[in-house]
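Asks: Here you go, my_file_24.pdb (PDB, C-alpha atoms):
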ATOM      1  CA  MET A   1      63.971-132.319 101.865
ATOM      2  CA  ASP A   2      65.063-132.179 105.499
ATOM      3  CA  LYS A   3      68.759-131.280 105.420
ATOM      4  CA  ASP A   4      69.556-133.864 108.097
ATOM      5  CA  ASN A   5      67.963-136.570 105.931
ATOM      6  CA  ALA A   6      69.390-135.382 102.621
ATOM      7  CA  VAL A   7      71.256-137.883 100.468
ATOM      8  CA  LEU A   8      74.880-136.723 100.277
ATOM      9  CA  SER A   9      76.527-136.516  96.881
ATOM     10  CA  ALA A  10      80.183-137.019  96.010
ATOM     11  CA  LEU A  11      82.509-136.630  93.055
ATOM     12  CA  ILE A  12      85.028-139.498  92.887
ATOM     13  CA  MET A  13      88.051-139.277  90.564
ATOM     14  CA  GLU A  14      90.281-142.103  89.360
ATOM     15  CA  GLY A  15      93.978-141.561  88.694
ATOM     16  CA  GLY A  16      95.948-142.522  85.604
ATOM     17  CA  ALA A  17      98.731-139.914  85.387
ATOM     18  CA  MET A  18      98.252-137.889  82.187
ATOM     19  CA  ARG A  19      95.003-139.672  81.421
ATOM     20  CA  GLY A  20      93.901-137.310  84.169
ATOM     21  CA  MET A  21      93.665-134.553  81.551
ATOM     22  CA  PHE A  22      90.332-136.185  80.694
ATOM     23  CA  THR A  23      89.228-135.618  84.290
ATOM     24  CA  CYS A  24      90.411-132.006  84.074
ATOM     25  CA  GLY A  25      88.141-131.446  81.094
ATOM     26  CA  VAL A  26      85.212-133.049  82.882
ATOM     27  CA  ILE A  27      85.554-131.077  86.098
ATOM     28  CA  ASP A  28      85.989-127.768  84.278
ATOM     29  CA  VAL A  29      82.640-128.261  82.527
ATOM     30  CA  LEU A  30      81.012-129.224  85.837
ATOM     31  CA  MET A  31      82.396-126.116  87.541
ATOM     32  CA  GLU A  32      81.350-123.882  84.631
ATOM     33  CA  ASN A  33      77.821-125.206  85.103
ATOM     34  CA  ASN A  34      77.935-124.740  88.881
ATOM     35  CA  ILE A  35      77.541-128.448  89.639
ATOM     36  CA  GLN A  36      78.214-128.832  93.344
ATOM     37  CA  PHE A  37      78.803-131.843  95.568
ATOM     38  CA  ASP A  38      78.796-132.420  99.303
ATOM     39  CA  GLY A  39      82.064-134.318  99.108
ATOM     40  CA  SER A  40      84.771-135.424  96.719
ATOM     41  CA  ALA A  41      87.670-137.864  96.607
ATOM     42  CA  GLY A  42      90.667-138.304  94.367
ATOM     43  CA  ILE A  43      93.332-140.928  93.901
ATOM     44  CA  SER A  44      96.726-140.144  92.384
ATOM     45  CA  ALA A  45      96.137-137.791  89.421
ATOM     46  CA  GLY A  46      92.546-137.579  90.600
ATOM     47  CA  ALA A  47      93.895-136.038  93.802
ATOM     48  CA  VAL A  48      96.455-133.593  92.421
ATOM     49  CA  PHE A  49      94.163-132.391  89.621
ATOM     50  CA  GLY A  50      90.865-132.881  91.434
ATOM     51  CA  CYS A  51      91.827-130.563  94.294
ATOM     52  CA  ASN A  52      91.094-127.694  91.922
ATOM     53  CA  TYR A  53      87.395-128.552  92.156
ATOM     54  CA  LYS A  54      87.409-127.507  95.793
ATOM     55  CA  SER A  55      89.424-124.351  95.074
ATOM     56  CA  ARG A  56      87.119-123.679  92.064
ATOM     57  CA  GLN A  57      90.043-122.947  89.730
ATOM     58  CA  ILE A  58      88.709-123.675  86.275
ATOM     59  CA  GLY A  59      91.461-124.417  83.757
ATOM     60  CA  ARG A  60      94.341-124.451  86.213
ATOM     61  CA  PRO A  61      95.657-128.035  85.853
ATOM     62  CA  ILE A  62      95.509-128.139  82.045
ATOM     63  CA  ARG A  63      97.199-124.731  81.973
ATOM     64  CA  TYR A  64     100.189-125.604  84.124
ATOM     65  CA  ASN A  65     100.569-129.091  82.688
ATOM     66  CA  LYS A  66     100.780-127.750  79.144
ATOM     67  CA  LYS A  67     103.182-125.035  80.203
ATOM     68  CA  TYR A  68     105.594-127.166  82.229
ATOM     69  CA  CYS A  69     105.253-130.722  80.891
ATOM     70  CA  ARG A  70     108.562-130.419  78.998
ATOM     71  CA  ASP A  71     110.396-128.823  81.907
ATOM     72  CA  PRO A  72     112.860-131.360  83.408
ATOM     73  CA  ARG A  73     112.084-129.964  86.840
ATOM     74  CA  TYR A  74     108.491-131.085  86.383
ATOM     75  CA  SER A  75     109.191-134.656  85.297
ATOM     76  CA  SER A  76     112.327-136.347  83.999
ATOM     77  CA  PHE A  77     114.674-139.238  84.545
ATOM     78  CA  ARG A  78     117.212-136.622  85.606
ATOM     79  CA  SER A  79     114.892-135.727  88.467
ATOM     80  CA  LEU A  80     114.422-139.419  89.272
ATOM     81  CA  ILE A  81     118.180-140.002  89.451
ATOM     82  CA  ARG A  82     118.899-136.840  91.429
ATOM     83  CA  THR A  83     115.954-136.851  93.830
ATOM     84  CA  GLY A  84     114.340-140.280  93.715
ATOM     85  CA  ASP A  85     111.175-138.791  92.205
ATOM     86  CA  PHE A  86     110.365-138.728  88.479
ATOM     87  CA  PHE A  87     107.918-135.886  89.136
ATOM     88  CA  GLY A  88     110.038-133.283  90.896
ATOM     89  CA  ALA A  89     108.585-132.880  94.370
ATOM     90  CA  ASP A  90     109.773-129.337  95.048
ATOM     91  CA  PHE A  91     108.848-128.014  91.621
ATOM     92  CA  CYS A  92     105.459-129.744  91.364
ATOM     93  CA  TYR A  93     104.276-129.351  94.937
ATOM     94  CA  ARG A  94     105.849-126.071  96.030
ATOM     95  CA  GLU A  95     107.097-123.922  93.179
ATOM     96  CA  ILE A  96     104.072-124.354  90.892
ATOM     97  CA  PRO A  97     101.313-123.937  93.514
ATOM     98  CA  ASP A  98     103.152-121.273  95.535
ATOM     99  CA  GLU A  99     104.786-119.188  92.798
ATOM    100  CA  LEU A 100     104.112-120.112  89.168
ATOM    101  CA  ASP A 101     100.389-120.950  89.034
ATOM    102  CA  ILE A 102      98.995-120.093  92.444
ATOM    103  CA  PHE A 103      96.775-122.624  94.173
ATOM    104  CA  ASP A 104      93.946-120.678  95.822
ATOM    105  CA  ARG A 105      94.176-122.008  99.353
ATOM    106  CA  ASP A 106      91.739-119.457 100.694
ATOM    107  CA  ALA A 107      89.008-120.596  98.295
ATOM    108  CA  PHE A 108      89.908-124.228  99.022
ATOM    109  CA  ARG A 109      89.494-123.686 102.770
ATOM    110  CA  LYS A 110      86.222-121.766 102.458
ATOM    111  CA  ASN A 111      84.532-124.287 100.185
ATOM    112  CA  PRO A 112      82.436-126.545 102.480
ATOM    113  CA  MET A 113      82.784-129.539 100.152
ATOM    114  CA  THR A 114      84.970-132.216 101.760
ATOM    115  CA  PHE A 115      87.940-133.478  99.754
ATOM    116  CA  TYR A 116      89.564-136.816 100.538
ATOM    117  CA  VAL A 117      92.720-138.270  99.061
ATOM    118  CA  GLY A 118      93.827-141.872  99.300
ATOM    119  CA  ALA A 119      97.336-143.297  99.427
ATOM    120  CA  THR A 120      98.841-146.737 100.062
ATOM    121  CA  ASP A 121     100.660-147.516 103.295
ATOM    122  CA  VAL A 122     104.056-148.939 102.367
ATOM    123  CA  ASP A 123     104.219-151.145 105.452
ATOM    124  CA  THR A 124     100.785-152.742 105.102
ATOM    125  CA  GLY A 125      99.906-152.392 101.429
ATOM    126  CA  LYS A 126      96.499-151.072 102.525
ATOM    127  CA  PRO A 127      94.803-147.790 101.634
ATOM    128  CA  VAL A 128      94.739-144.849 104.027
ATOM    129  CA  TYR A 129      92.720-141.668 103.573
ATOM    130  CA  HIS A 130      93.081-138.035 104.526
ATOM    131  CA  CYS A 131      90.517-135.250 104.476
ATOM    132  CA  CYS A 132      92.169-132.121 103.077
ATOM    133  CA  SER A 133      90.784-129.086 104.884
ATOM    134  CA  ASP A 134      92.944-126.061 104.113
ATOM    135  CA  GLY A 135      95.248-126.857 101.167
ATOM    136  CA  GLN A 136      98.314-126.055 103.224
ATOM    137  CA  ALA A 137     101.572-128.033 103.341
ATOM    138  CA  ASN A 138     100.169-131.114 105.082
ATOM    139  CA  ASP A 139      97.321-131.462 102.589
ATOM    140  CA  ILE A 140      99.666-130.925  99.637
ATOM    141  CA  THR A 141     102.003-133.609 100.954
ATOM    142  CA  TRP A 142      99.100-136.058 101.143
ATOM    143  CA  MET A 143      98.213-135.234  97.540
ATOM    144  CA  ARG A 144     101.824-135.834  96.570
ATOM    145  CA  ALA A 145     101.786-139.166  98.422
ATOM    146  CA  SER A 146      98.596-140.189  96.620
ATOM    147  CA  ALA A 147     100.340-139.639  93.261
ATOM    148  CA  SER A 148     103.764-141.104  94.118
ATOM    149  CA  MET A 149     104.092-143.993  91.685
ATOM    150  CA  PRO A 150     106.126-146.982  92.914
ATOM    151  CA  VAL A 151     109.584-147.308  91.330
ATOM    152  CA  PHE A 152     109.275-143.752  89.999
ATOM    153  CA  SER A 153     108.928-142.190  93.446
ATOM    154  CA  LYS A 154     110.311-142.631  96.910
ATOM    155  CA  PRO A 155     107.840-143.140  99.762
ATOM    156  CA  VAL A 156     106.382-139.995 101.282
ATOM    157  CA  ILE A 157     106.599-139.874 105.055
ATOM    158  CA  ILE A 158     103.712-138.055 106.720
ATOM    159  CA  ASP A 159     101.460-138.420 109.767
ATOM    160  CA  SER A 160     103.262-141.585 110.979
ATOM    161  CA  HIS A 161     102.829-143.274 107.572
ATOM    162  CA  ARG A 162     105.174-144.158 104.715
ATOM    163  CA  LEU A 163     103.017-143.737 101.616
ATOM    164  CA  LEU A 164     102.931-144.393  97.899
ATOM    165  CA  ASP A 165     100.344-144.123  95.115
ATOM    166  CA  GLY A 166      96.773-144.684  96.248
ATOM    167  CA  GLY A 167      95.964-146.499  93.018
ATOM    168  CA  ILE A 168      97.989-149.498  94.177
ATOM    169  CA  SER A 169      95.402-150.445  96.796
ATOM    170  CA  ASP A 170      92.228-148.471  95.974
ATOM    171  CA  SER A 171      92.072-147.187  92.408
ATOM    172  CA  VAL A 172      88.573-145.706  92.723
ATOM    173  CA  PRO A 173      87.510-144.947  96.328
ATOM    174  CA  TYR A 174      83.738-145.296  95.891
ATOM    175  CA  ALA A 175      83.482-147.847  98.720
ATOM    176  CA  TYR A 176      85.317-145.514 101.082
ATOM    177  CA  MET A 177      83.042-142.608 100.197
ATOM    178  CA  GLU A 178      79.989-144.790 100.710
ATOM    179  CA  SER A 179      81.366-145.718 104.130
ATOM    180  CA  GLN A 180      81.527-141.993 104.905
ATOM    181  CA  GLY A 181      77.834-141.592 104.144
ATOM    182  CA  TYR A 182      77.900-140.438 100.507
ATOM    183  CA  ARG A 183      75.222-142.250  98.538
ATOM    184  CA  ARG A 184      74.673-140.238  95.343
ATOM    185  CA  ASN A 185      78.068-140.614  93.723
ATOM    186  CA  VAL A 186      79.451-139.444  90.404
ATOM    187  CA  ILE A 187      82.520-141.444  89.379
ATOM    188  CA  VAL A 188      85.011-140.132  86.807
ATOM    189  CA  LEU A 189      87.091-142.888  85.227
ATOM    190  CA  THR A 190      90.003-142.521  82.804
ATOM    191  CA  GLN A 191      89.522-145.803  80.937
ATOM    192  CA  PRO A 192      86.629-146.687  78.596
ATOM    193  CA  LYS A 193      83.746-148.956  79.531
ATOM    194  CA  GLY A 194      84.703-152.620  79.610
ATOM    195  CA  TYR A 195      88.391-151.980  80.236
ATOM    196  CA  ARG A 196      90.044-154.581  82.432
ATOM    197  CA  LYS A 197      93.596-154.524  83.682
ATOM    198  CA  LYS A 198      95.811-157.445  82.680
ATOM    199  CA  LYS A 199      98.099-159.253  85.071
ATOM    200  CA  SER A 200     101.387-157.397  85.192
ATOM    201  CA  ARG A 201     104.289-158.828  83.249
ATOM    202  CA  GLY A 202     106.716-156.926  85.461
ATOM    203  CA  LYS A 203     106.637-159.235  88.477
ATOM    204  CA  PHE A 204     110.377-159.914  88.329
ATOM    205  CA  PHE A 205     111.103-156.196  87.868
ATOM    206  CA  PHE A 206     108.866-155.306  90.811
ATOM    207  CA  ARG A 207     110.571-157.941  92.930
ATOM    208  CA  MET A 208     113.950-156.343  92.184
ATOM    209  CA  THR A 209     112.930-152.715  92.621
ATOM    210  CA  LEU A 210     110.483-153.136  95.511
ATOM    211  CA  SER A 211     112.413-155.687  97.565
ATOM    212  CA  LYS A 212     112.489-153.254 100.498
ATOM    213  CA  TYR A 213     108.694-152.946 100.406
ATOM    214  CA  PRO A 214     107.209-156.477 100.398
ATOM    215  CA  ALA A 215     103.668-155.271 101.119
ATOM    216  CA  ILE A 216     103.789-152.927  98.120
ATOM    217  CA  TYR A 217     105.238-155.713  95.968
ATOM    218  CA  ALA A 218     102.370-158.010  96.964
ATOM    219  CA  ALA A 219      99.801-155.279  96.279
ATOM    220  CA  MET A 220     101.309-154.556  92.871
ATOM    221  CA  CYS A 221     101.171-158.241  91.935
ATOM    222  CA  SER A 222      97.462-158.452  92.762
ATOM    223  CA  ARG A 223      96.498-154.961  91.644
ATOM    224  CA  HIS A 224      94.785-156.184  88.482
ATOM    225  CA  GLU A 225      92.418-158.296  90.588
ATOM    226  CA  MET A 226      91.495-155.349  92.795
ATOM    227  CA  TYR A 227      91.039-153.030  89.825
ATOM    228  CA  ASN A 228      88.932-155.434  87.788
ATOM    229  CA  ARG A 229      86.707-156.170  90.773
ATOM    230  CA  GLN A 230      86.166-152.437  91.215
ATOM    231  CA  MET A 231      85.259-152.001  87.546
ATOM    232  CA  GLU A 232      82.681-154.789  87.799
ATOM    233  CA  GLU A 233      81.191-153.256  90.935
ATOM    234  CA  ILE A 234      81.107-149.781  89.382
ATOM    235  CA  GLU A 235      79.368-151.084  86.274
ATOM    236  CA  GLU A 236      76.812-152.821  88.493
ATOM    237  CA  ARG A 237      76.228-149.583  90.423
ATOM    238  CA  GLU A 238      75.800-147.795  87.120
ATOM    239  CA  ARG A 239      73.243-150.333  85.873
ATOM    240  CA  ASN A 240      71.092-150.092  88.986
ATOM    241  CA  GLY A 241      71.292-146.303  89.160
ATOM    242  CA  ALA A 242      73.305-146.148  92.370
ATOM    243  CA  SER A 243      76.182-144.264  90.723
ATOM    244  CA  PHE A 244      76.641-142.037  87.696
ATOM    245  CA  VAL A 245      79.783-142.804  85.707
ATOM    246  CA  ILE A 246      81.662-140.482  83.358
ATOM    247  CA  ARG A 247      84.358-142.188  81.277
ATOM    248  CA  PRO A 248      86.183-141.762  77.957
ATOM    249  CA  PRO A 249      84.311-143.101  74.924
ATOM    250  CA  ALA A 250      87.456-144.982  73.832
ATOM    251  CA  ASP A 251      91.061-145.545  74.859
ATOM    252  CA  LEU A 252      92.651-142.127  75.310
ATOM    253  CA  GLY A 253      95.906-143.186  73.653
ATOM    254  CA  ILE A 254      98.136-141.056  75.850
ATOM    255  CA  SER A 255     101.213-142.134  77.808
ATOM    256  CA  ARG A 256     101.313-141.762  81.561
ATOM    257  CA  THR A 257     104.215-139.304  81.306
ATOM    258  CA  CYS A 258     103.216-137.481  78.106
ATOM    259  CA  LYS A 259     105.238-134.327  77.417
ATOM    260  CA  LYS A 260     103.302-133.093  74.387
ATOM    261  CA  PRO A 261     101.087-130.069  75.101
ATOM    262  CA  ASP A 262      98.913-130.777  72.058
ATOM    263  CA  GLU A 263      98.221-134.311  73.308
ATOM    264  CA  LEU A 264      97.327-133.037  76.763
ATOM    265  CA  GLU A 265      94.926-130.558  75.169
ATOM    266  CA  ARG A 266      93.417-133.292  72.977
ATOM    267  CA  VAL A 267      92.607-135.486  75.975
ATOM    268  CA  TYR A 268      91.344-132.481  77.953
ATOM    269  CA  GLN A 269      88.939-131.642  75.127
ATOM    270  CA  ILE A 270      87.642-135.231  75.080
ATOM    271  CA  GLY A 271      86.786-134.783  78.754
ATOM    272  CA  ARG A 272      85.028-131.491  78.062
ATOM    273  CA  LYS A 273      83.020-132.986  75.206
ATOM    274  CA  GLU A 274      81.966-136.028  77.220
ATOM    275  CA  ALA A 275      80.925-133.920  80.218
ATOM    276  CA  THR A 276      78.943-131.526  78.021
ATOM    277  CA  GLN A 277      77.083-134.395  76.373
ATOM    278  CA  ILE A 278      76.057-136.085  79.615
ATOM    279  CA  LEU A 279      75.299-132.891  81.542
ATOM    280  CA  PRO A 280      71.475-133.149  81.368
ATOM    281  CA  GLU A 281      71.589-136.775  82.588
ATOM    282  CA  LEU A 282      73.996-135.848  85.366
ATOM    283  CA  ILE A 283      71.799-132.987  86.594
ATOM    284  CA  ALA A 284      68.795-135.307  86.619
ATOM    285  CA  PHE A 285      70.763-137.930  88.578
ATOM    286  CA  LEU A 286      71.812-135.408  91.228
ATOM    287  CA  LYS A 287      68.261-134.085  91.598
ATOM    288  CA  ASN A 288      66.652-137.533  91.783
TER     289      ASN A 288
END
Can the structure from this file be put into C-alpha cells for me?
Replies:
Amino acid sequence: MDKDNAVLSALIMEGGAMRGMFTCGVIDVLMENNIQFDGSAGISAGAVFGCNYKSRQIGRPIRYNKKYCRDPRYSSFRSLIRTGDFFGADFCYREIPDELDIFDRDAFRKNPMTFYVGATDVDTGKPVYHCCSDGQANDITWMRASASMPVFSKPVIIDSHRLLDGGISDSVPYAYMESQGYRRNVIVLTQPKGYRKKKSRGKFFFRMTLSKYPAIYAAMCSRHEMYNRQMEEIEERERNGASFVIRPPADLGISRTCKKPDELERVYQIGRKEATQILPELIAFLKN
C-alpha cells in the first residue's frame, strides 16, 4: 500500500485509576508481540500508564505500582492535606520516573509513534489535548494534569491552561484521534461491555468542593451523559468493524485507589489474559 494512502492506526486508552492495571496487562502483551501503532492516546490512568507503550518499557507500571502503592508519598490523605494532591505530585511525577524506576525518555523520543494526552480545561470544562514528543518535564506535567482527579487534586497550570482530569470531558478520545486522521483504532476500556455510568449522587458535594470551578462542576454533573454516549458510539463502531475494542470480561472489582499489591497483580493478569486471547483477531484487524 502507498504509504501516503495508508490507513493510520491508533491505540486509545481509557482511564479509571487502578482499573488501569488491566490496561497495563493488555499493553505489555501487545508490546511482547511487537504490535505497533502509528499513534496512541491516553486519558488519566491511560496517559500515565500508557506512556510506557511509547517508551517500550514492558512491565514498568505494574512494577512501580505494586512496589509503592502503600507508600504515603505515592497516594494518601496525608498527601492530599499537605499538598492538595492525593497522588503526591513530586513523588509520582519526578522521584519515580527520574530516580526509582527510570522512565526511558530517550526511547520515548525516538519512537515515531505519536502519543496524545487529554485533560479538561478548568475554565471551560472542555477537553484539550497535547502531543507528547520527548517525555521531558512539560510532557510529564501534561500526563499529571490528565490524571488529576477533581476534589483529590488541585488544578495543574501549564501552557496557559488550568487543567484537571481528562476523563471529566472526554473519557475515551476516539473522536479526537479520528479527527487527527487515525481510522484503524484499537480502544482499551476498563469497564465490561454494557457498562453505563449512573448519574452522580454527589451533586451537592461537588457543588461545595468545586464552587471555585463552575465549568468543572457542570461537566461533572453531566459526565454520565457524555460517558454513556461514548460507550454507545464505541459499541456501534465495534459492531461495524470500524474499531477493535479490548475490555474486561466482567467488573474488575478494584477500588480507584487500591493499595493492595496482590489486587493490582490480579487485575494486571486479567488484562494479560484478555489480550492474549484476542491477539489473533487484533492482528487480523490491523492487517485488514
Asks: Assuming the chain letters and numbering stay as they are in my file, what does the PyMOL selection byres ((chain A and resi 199) around 10) actually select? List them as a ChimeraX atom specification.
Replies: /A:196-198,200-203,220-225
Asks: On this structure, which residues satisfy the PyMOL selection byres ((chain A and resi 229-242) around 9), written as a PyMOL selection string?
Replies: chain A and resi 170-172+174+183-185+187+193-196+224-228+243-245+285
Asks: Here is a test: counting only C-alpha atoms, which residue of A:Val128, A:Met13, A:Met18, A:Cys69 is nearest to Ser160 in chain A?
Replies: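 Residue with the minimum atom-to-atom distance to Ser160 in chain A: A:Val128.
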Asks: Here is a test: counting all atoms listed in the file, which residue of A:Ile81, A:Ala17, A:Val7, A:Ala175 is nearest to Ala41 in chain A?
Replies: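 That would be A:Ala175, the residue with the smallest distance to Ala41 in chain A.
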Asks: Evaluate the PyMOL selection byres ((chain A and resi 54) around 10) on the structure here and hand back the selected residues as a list in words.
Replies: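 Evaluating the PyMOL selection byres ((chain A and resi 54) around 10) on this file yields Met31, Gln36, Phe37, Gly39, Ser40, Gly50, Cys51, Asn52, Tyr53, Ser55, Arg56, Gln57, Asp104, Arg105, Ala107, Phe108, Arg109, Lys110, Asn111, Pro112, Met113, Thr114, Phe115, Cys132, Ser133 and Gly135 of chain A.
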Asks: I'd like the interatomic distance between CA of Ala219 in chain A and CA of Thr120 in chain A, to a tenth of an Å.
Replies: 9.4 Å
Asks: Do you know which residues are at most 12 Å from Gly15 in chain A counting all atoms listed in the file, after dropping those on the same chain fewer than 2 positions away, and could you put them as a PyMOL selection string?
Replies: chain A and resi 12-13+17-24+41-50+117-119+143+146-149+165-168+170-173+187-191+227+256
